[in-house]
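Here is data_18.cif, consisting of mmCIF, C-alpha atoms, pLDDT in the B column; chains and numbers go by the auth columns:
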data_target
loop_
_atom_site.group_PDB
_atom_site.id
_atom_site.type_symbol
_atom_site.label_atom_id
_atom_site.label_comp_id
_atom_site.label_asym_id
_atom_site.label_seq_id
_atom_site.Cartn_x
_atom_site.Cartn_y
_atom_site.Cartn_z
_atom_site.B_iso_or_equiv
_atom_site.auth_seq_id
_atom_site.auth_asym_id
ATOM 1 C CA MET A 1 5.233 -18.024 -30.790 44.00 1 B
ATOM 2 C CA ASP A 2 8.001 -16.420 -28.702 48.00 2 B
ATOM 3 C CA GLN A 3 6.719 -15.002 -25.420 50.00 3 B
ATOM 4 C CA SER A 4 10.129 -14.819 -23.753 59.00 4 B
ATOM 5 C CA THR A 5 10.147 -11.038 -23.444 88.00 5 B
ATOM 6 C CA ALA A 6 6.711 -10.762 -21.821 90.00 6 B
ATOM 7 C CA PHE A 7 7.460 -13.795 -19.638 89.00 7 B
ATOM 8 C CA HIS A 8 10.834 -12.292 -18.749 91.00 8 B
ATOM 9 C CA GLN A 9 9.259 -8.997 -17.649 92.00 9 B
ATOM 10 C CA LEU A 10 6.594 -10.790 -15.612 93.00 10 B
ATOM 11 C CA GLY A 11 9.318 -12.839 -13.894 93.00 11 B
ATOM 12 C CA ARG A 12 11.393 -9.679 -13.322 93.00 12 B
ATOM 13 C CA PHE A 13 8.418 -8.083 -11.558 95.00 13 B
ATOM 14 C CA VAL A 14 7.903 -11.072 -9.262 95.00 14 B
ATOM 15 C CA PHE A 15 11.649 -11.238 -8.572 95.00 15 B
ATOM 16 C CA LEU A 16 11.923 -7.526 -7.710 95.00 16 B
ATOM 17 C CA PHE A 17 8.808 -7.709 -5.550 97.00 17 B
ATOM 18 C CA GLN A 18 10.491 -10.316 -3.351 96.00 18 B
ATOM 19 C CA HIS A 19 13.308 -7.824 -2.810 97.00 19 B
ATOM 20 C CA VAL A 20 10.807 -5.169 -1.718 97.00 20 B
ATOM 21 C CA GLU A 21 9.423 -7.586 0.875 97.00 21 B
ATOM 22 C CA ALA A 22 12.945 -8.348 2.105 96.00 22 B
ATOM 23 C CA ALA A 23 13.811 -4.632 2.260 97.00 23 B
ATOM 24 C CA LEU A 24 10.776 -3.970 4.454 97.00 24 B
ATOM 25 C CA THR A 25 11.808 -6.759 6.812 96.00 25 B
ATOM 26 C CA GLU A 26 15.356 -5.413 6.931 96.00 26 B
ATOM 27 C CA LEU A 27 14.060 -1.968 7.876 97.00 27 B
ATOM 28 C CA LEU A 28 11.941 -3.475 10.661 97.00 28 B
ATOM 29 C CA VAL A 29 14.960 -5.373 11.989 96.00 29 B
ATOM 30 C CA LEU A 30 17.112 -2.239 11.950 95.00 30 B
ATOM 31 C CA MET A 31 14.502 -0.057 13.637 95.00 31 B
ATOM 32 C CA ALA A 32 13.601 -2.602 16.322 94.00 32 B
ATOM 33 C CA ARG A 33 17.216 -2.923 17.477 90.00 33 B
ATOM 34 C CA ALA A 34 16.293 -6.227 19.065 89.00 34 B
ATOM 35 C CA ASP A 35 16.893 -9.904 18.421 90.00 35 B
ATOM 36 C CA ASP A 36 17.043 -10.013 14.608 92.00 36 B
ATOM 37 C CA GLU A 37 15.670 -13.538 14.378 94.00 37 B
ATOM 38 C CA ALA A 38 12.736 -12.721 16.673 93.00 38 B
ATOM 39 C CA ILE A 39 11.783 -9.791 14.450 93.00 39 B
ATOM 40 C CA ARG A 40 12.102 -11.951 11.321 93.00 40 B
ATOM 41 C CA ILE A 41 9.882 -14.613 12.908 93.00 41 B
ATOM 42 C CA LEU A 42 7.204 -12.050 13.735 93.00 42 B
ATOM 43 C CA THR A 43 7.326 -10.364 10.318 93.00 43 B
ATOM 44 C CA ASN A 44 7.113 -13.701 8.573 92.00 44 B
ATOM 45 C CA GLU A 45 3.549 -14.029 9.867 92.00 45 B
ATOM 46 C CA LEU A 46 2.426 -10.649 8.523 94.00 46 B
ATOM 47 C CA GLU A 47 0.561 -10.374 5.255 95.00 47 B
ATOM 48 C CA PHE A 48 2.188 -7.944 2.856 96.00 48 B
ATOM 49 C CA SER A 49 -0.136 -5.012 3.561 97.00 49 B
ATOM 50 C CA GLN A 50 0.320 -5.550 7.305 97.00 50 B
ATOM 51 C CA ARG A 51 4.091 -5.575 6.854 97.00 51 B
ATOM 52 C CA VAL A 52 3.925 -2.292 4.948 98.00 52 B
ATOM 53 C CA LYS A 53 1.696 -0.634 7.552 98.00 53 B
ATOM 54 C CA THR A 54 3.859 -1.946 10.396 97.00 54 B
ATOM 55 C CA THR A 55 6.993 -0.611 8.719 98.00 55 B
ATOM 56 C CA ASP A 56 5.318 2.762 8.188 98.00 56 B
ATOM 57 C CA VAL A 57 4.298 3.055 11.850 97.00 57 B
ATOM 58 C CA MET A 58 7.659 1.783 13.118 96.00 58 B
ATOM 59 C CA PHE A 59 9.456 4.338 10.969 97.00 59 B
ATOM 60 C CA ALA A 60 7.319 7.179 12.347 96.00 60 B
ATOM 61 C CA ARG A 61 8.048 6.034 15.908 95.00 61 B
ATOM 62 C CA PHE A 62 11.737 5.660 15.112 95.00 62 B
ATOM 63 C CA VAL A 63 11.834 9.242 13.812 95.00 63 B
ATOM 64 C CA ASP A 64 9.798 10.552 16.767 93.00 64 B
ATOM 65 C CA LEU A 65 12.227 9.037 19.248 92.00 65 B
ATOM 66 C CA ARG A 66 15.269 10.541 17.523 89.00 66 B
ATOM 67 C CA LYS A 67 13.796 13.667 15.907 81.00 67 B
ATOM 68 C CA PRO A 68 16.342 13.567 13.070 80.00 68 B
ATOM 69 C CA ASP A 69 14.154 14.854 10.241 81.00 69 B
ATOM 70 C CA GLU A 70 10.424 15.494 10.558 80.00 70 B
ATOM 71 C CA THR A 71 9.905 15.556 6.773 94.00 71 B
ATOM 72 C CA ALA A 72 11.194 11.978 6.596 95.00 72 B
ATOM 73 C CA LYS A 73 7.938 10.643 8.063 96.00 73 B
ATOM 74 C CA ALA A 74 5.834 12.165 5.291 96.00 74 B
ATOM 75 C CA GLU A 75 8.298 11.039 2.608 97.00 75 B
ATOM 76 C CA PHE A 76 8.364 7.514 3.996 98.00 76 B
ATOM 77 C CA HIS A 77 4.580 7.346 4.297 98.00 77 B
ATOM 78 C CA LYS A 78 4.234 8.383 0.627 98.00 78 B
ATOM 79 C CA LEU A 79 6.687 5.617 -0.274 98.00 79 B
ATOM 80 C CA MET A 80 4.637 3.091 1.725 98.00 80 B
ATOM 81 C CA VAL A 81 1.482 4.157 -0.161 98.00 81 B
ATOM 82 C CA ASP A 82 3.351 3.475 -3.418 98.00 82 B
ATOM 83 C CA VAL A 83 4.506 0.109 -2.060 98.00 83 B
ATOM 84 C CA LEU A 84 0.914 -0.839 -1.194 98.00 84 B
ATOM 85 C CA LYS A 85 -0.195 0.025 -4.744 97.00 85 B
ATOM 86 C CA LEU A 86 2.564 -2.179 -6.139 97.00 86 B
ATOM 87 C CA GLY A 87 1.409 -4.933 -3.786 97.00 87 B
ATOM 88 C CA GLU A 88 -2.054 -4.695 -5.318 96.00 88 B
ATOM 89 C CA ARG A 89 -0.510 -4.889 -8.779 96.00 89 B
ATOM 90 C CA ARG A 90 1.512 -7.920 -7.701 96.00 90 B
ATOM 91 C CA ASN A 91 -1.657 -9.654 -6.534 94.00 91 B
ATOM 92 C CA GLU A 92 -3.334 -8.921 -9.868 92.00 92 B
ATOM 93 C CA LEU A 93 -0.379 -10.328 -11.792 94.00 93 B
ATOM 94 C CA VAL A 94 0.229 -13.381 -9.641 93.00 94 B
ATOM 95 C CA HIS A 95 -3.398 -14.436 -9.215 92.00 95 B
ATOM 96 C CA SER A 96 -4.418 -14.223 -12.867 92.00 96 B
ATOM 97 C CA LYS A 97 -4.655 -16.643 -15.760 93.00 97 B
ATOM 98 C CA TYR A 98 -2.537 -15.933 -18.827 92.00 98 B
ATOM 99 C CA ALA A 99 -2.735 -16.700 -22.512 92.00 99 B
ATOM 100 C CA ALA A 100 -0.348 -15.914 -25.325 90.00 100 B
ATOM 101 C CA TRP A 101 -1.521 -12.907 -27.295 90.00 101 B
ATOM 102 C CA ILE A 102 -0.555 -11.028 -30.450 91.00 102 B
ATOM 103 C CA ASN A 103 -1.839 -7.490 -30.970 91.00 103 B
ATOM 104 C CA ALA A 104 -3.001 -6.042 -34.304 91.00 104 B
ATOM 105 C CA GLU A 105 0.538 -4.806 -35.063 92.00 105 B
ATOM 106 C CA GLY A 106 1.937 -8.308 -34.611 90.00 106 B
ATOM 107 C CA SER A 107 3.622 -7.682 -31.242 89.00 107 B
ATOM 108 C CA TYR A 108 3.710 -10.603 -28.817 91.00 108 B
ATOM 109 C CA GLY A 109 2.404 -10.235 -25.324 92.00 109 B
ATOM 110 C CA LEU A 110 0.264 -11.833 -22.674 92.00 110 B
ATOM 111 C CA LEU A 111 -3.465 -11.642 -22.118 92.00 111 B
ATOM 112 C CA ARG A 112 -4.117 -11.472 -18.370 92.00 112 B
ATOM 113 C CA GLN A 113 -7.520 -12.629 -17.176 93.00 113 B
ATOM 114 C CA ASN A 114 -8.936 -12.631 -13.682 87.00 114 B
ATOM 115 C CA SER A 115 -12.237 -12.345 -11.915 77.00 115 B
ATOM 116 C CA ALA A 116 -13.273 -10.622 -8.731 74.00 116 B
ATOM 117 C CA LEU A 117 -16.372 -11.021 -6.615 69.00 117 B
ATOM 118 C CA ARG A 118 -18.339 -7.816 -6.149 74.00 118 B
ATOM 119 C CA ALA A 119 -20.336 -8.878 -3.098 73.00 119 B
ATOM 120 C CA SER A 120 -21.978 -5.482 -2.608 78.00 120 B
ATOM 121 C CA LYS A 121 -23.324 -5.656 -6.172 75.00 121 B
ATOM 122 C CA GLY A 122 -23.978 -9.401 -6.093 76.00 122 B
ATOM 123 C CA PHE A 123 -21.960 -10.551 -9.073 74.00 123 B
ATOM 124 C CA ARG A 124 -18.620 -11.804 -10.333 77.00 124 B
ATOM 125 C CA GLU A 125 -16.681 -9.393 -12.547 76.00 125 B
ATOM 126 C CA ASP A 126 -14.299 -10.631 -15.231 80.00 126 B
ATOM 127 C CA GLY A 127 -11.283 -8.518 -16.043 84.00 127 B
ATOM 128 C CA GLU A 128 -8.863 -8.684 -18.912 89.00 128 B
ATOM 129 C CA GLU A 129 -5.619 -6.836 -19.612 91.00 129 B
ATOM 130 C CA GLU A 130 -3.419 -6.926 -22.683 91.00 130 B
ATOM 131 C CA LEU A 131 0.187 -6.939 -21.525 91.00 131 B
ATOM 132 C CA LEU A 132 2.907 -6.064 -23.954 91.00 132 B
ATOM 133 C CA PRO A 133 6.465 -6.373 -22.644 91.00 133 B
ATOM 134 C CA GLU A 134 6.677 -2.569 -22.296 91.00 134 B
ATOM 135 C CA VAL A 135 3.785 -2.522 -19.813 90.00 135 B
ATOM 136 C CA LEU A 136 5.361 -5.202 -17.659 92.00 136 B
ATOM 137 C CA GLU A 137 8.745 -3.492 -17.956 91.00 137 B
ATOM 138 C CA GLY A 138 7.139 -0.288 -16.664 93.00 138 B
ATOM 139 C CA ASP A 139 5.756 -2.181 -13.664 95.00 139 B
ATOM 140 C CA GLY A 140 9.206 -3.607 -12.976 94.00 140 B
ATOM 141 C CA ASP A 141 10.783 -0.169 -13.326 95.00 141 B
ATOM 142 C CA LYS A 142 8.377 1.187 -10.676 96.00 142 B
ATOM 143 C CA LEU A 143 9.532 -1.585 -8.345 96.00 143 B
ATOM 144 C CA ALA A 144 13.169 -0.767 -9.060 96.00 144 B
ATOM 145 C CA VAL A 145 12.555 2.875 -8.109 97.00 145 B
ATOM 146 C CA VAL A 146 10.844 1.790 -4.886 98.00 146 B
ATOM 147 C CA LEU A 147 13.760 -0.506 -4.071 98.00 147 B
ATOM 148 C CA GLN A 148 16.213 2.376 -4.508 98.00 148 B
ATOM 149 C CA ALA A 149 14.106 4.575 -2.223 98.00 149 B
ATOM 150 C CA LEU A 150 13.913 1.826 0.414 98.00 150 B
ATOM 151 C CA GLU A 151 17.694 1.483 0.279 98.00 151 B
ATOM 152 C CA ARG A 152 18.124 5.233 0.793 97.00 152 B
ATOM 153 C CA PHE A 153 15.847 5.062 3.835 97.00 153 B
ATOM 154 C CA ARG A 154 17.775 2.050 5.131 97.00 154 B
ATOM 155 C CA PHE A 155 20.960 4.117 5.071 96.00 155 B
ATOM 156 C CA ARG A 156 19.177 6.964 6.853 95.00 156 B
ATOM 157 C CA VAL A 157 17.947 4.601 9.573 95.00 157 B
ATOM 158 C CA ILE A 158 21.476 3.281 10.052 95.00 158 B
ATOM 159 C CA ASP A 159 22.847 6.828 10.288 93.00 159 B
ATOM 160 C CA TRP A 160 20.188 7.813 12.837 93.00 160 B
ATOM 161 C CA ALA A 161 20.567 4.619 14.881 91.00 161 B
ATOM 162 C CA TYR A 162 24.371 4.779 14.921 89.00 162 B
ATOM 163 C CA PRO A 163 25.289 8.477 14.718 86.00 163 B
ATOM 164 C CA GLU A 164 28.994 7.944 15.387 80.00 164 B
#
What would you get if you wrote out this structure as structure tokens?
Amino acid sequence: MDQSTAFHQLGRFVFLFQHVEAALTELLVLMARADDEAIRILTNELEFSQRVKTTDVMFARFVDLRKPDETAKAEFHKLMVDVLKLGERRNELVHSKYAAWINAEGSYGLLRQNSALRASKGFREDGEEELLPEVLEGDGDKLAVVLQALERFRFRVIDWAYPE
């Protein structure tokens, strides 16, 4: 059974997600305009959601201090909401069990299984998702779009920080 395509797309997602994390750190370093290594040390200790929220707040402050484009704060915040959603998806994908799977049409994919504790309801909930390569490719494509948007914001930050 050849699972290379589904495995490839899952690996692509994890690979691209690492670039999103690095892009957030790079934005923090640029906006802080301080000792790069000190900022990297501090960000290294942040969980992903904390890094996203910190980047969002730092960007708003950065814009407030320079007043280059008030709409940029809302655009960036929307991007950070999308990044947080992708972080949740990453956690689902990385912290699941997988089995090879073939759908009724004979297409190869992965069967993702995980469980979550629902403390308020007092039980453990099992979840299952059938992942064809196209689904995982779509997840990776969303990450690629986010990476492009982060790069555009990085260029804006550089332009605002160094107007000459």
Query raised in the report: Could you pull the residues within 9 Å of stretch 69-77 of chain B, counting only C-alpha atoms, minus those fewer than 2 positions along the same chain, as a ChimeraX atom specification?
Result: /B:56-57,59-60,63-64,66-67,79-82,149-150,153
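Distance-wise, atom CA of B:Val135 and atom CA of B:Tyr108 end up 12.1 Å apart.
With distances restricted to all atoms listed in the file, B:Phe7 is the closest residue to B:Leu131 from B:Trp160, B:Asn91, B:Ala104, B:Phe7.
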Query raised in the report: Could you work out how far atom CA of B:Leu136 lies from atom CA of B:Leu10, giving the answer in Å with one decimal?
Result: 6.1 Å
Enclosing box along x, y and z for every listed atom of stretch 81-93 of chain B, padded 6 Å each side, centre and size in Å, one decimal, as lines of an AutoDock Vina configuration file:
center_x = 0.6
center_y = -3.1
center_z = -6.0
size_x = 19.8
size_y = 26.5
size_z = 23.6
Query raised in the report: If the PyMOL selection byres ((chain B and resi 29) around 12) is run on the structure shown, which residues does it catch, given as an NGL selection string?
Result: :B and (22-28 or 30-44 or 54-55 or 58-59 or 62 or 154 or 157-158 or 161)
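For the pair atom CA of B:Ala99 and atom CA of B:Leu16, the separation is 22.8 Å.
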**Report entry** Selection result of the PyMOL selection byres ((chain B and resi 94-96) around 9) on this file, as a PyMOL selection string
**Finding:** chain B and resi 14+89-93+97-98+112-115
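Among the candidate residues B:Asp159, B:Gln50, B:Leu147, B:Gly11, the one lying nearest to B:Leu84 is B:Gln50, with distances computed using only C-alpha atoms.
Nearest-residue note for B:Glu88: choosing from B:Glu128, B:Ser49, B:Val146, B:Gln9, the minimum distance belongs to B:Ser49, counting only C-alpha atoms.
Among B:Ala100, B:Val52, B:Leu110, B:Val20, the residue with the shortest atom-to-atom distance to B:Pro133, counting only C-alpha atoms, is B:Leu110.
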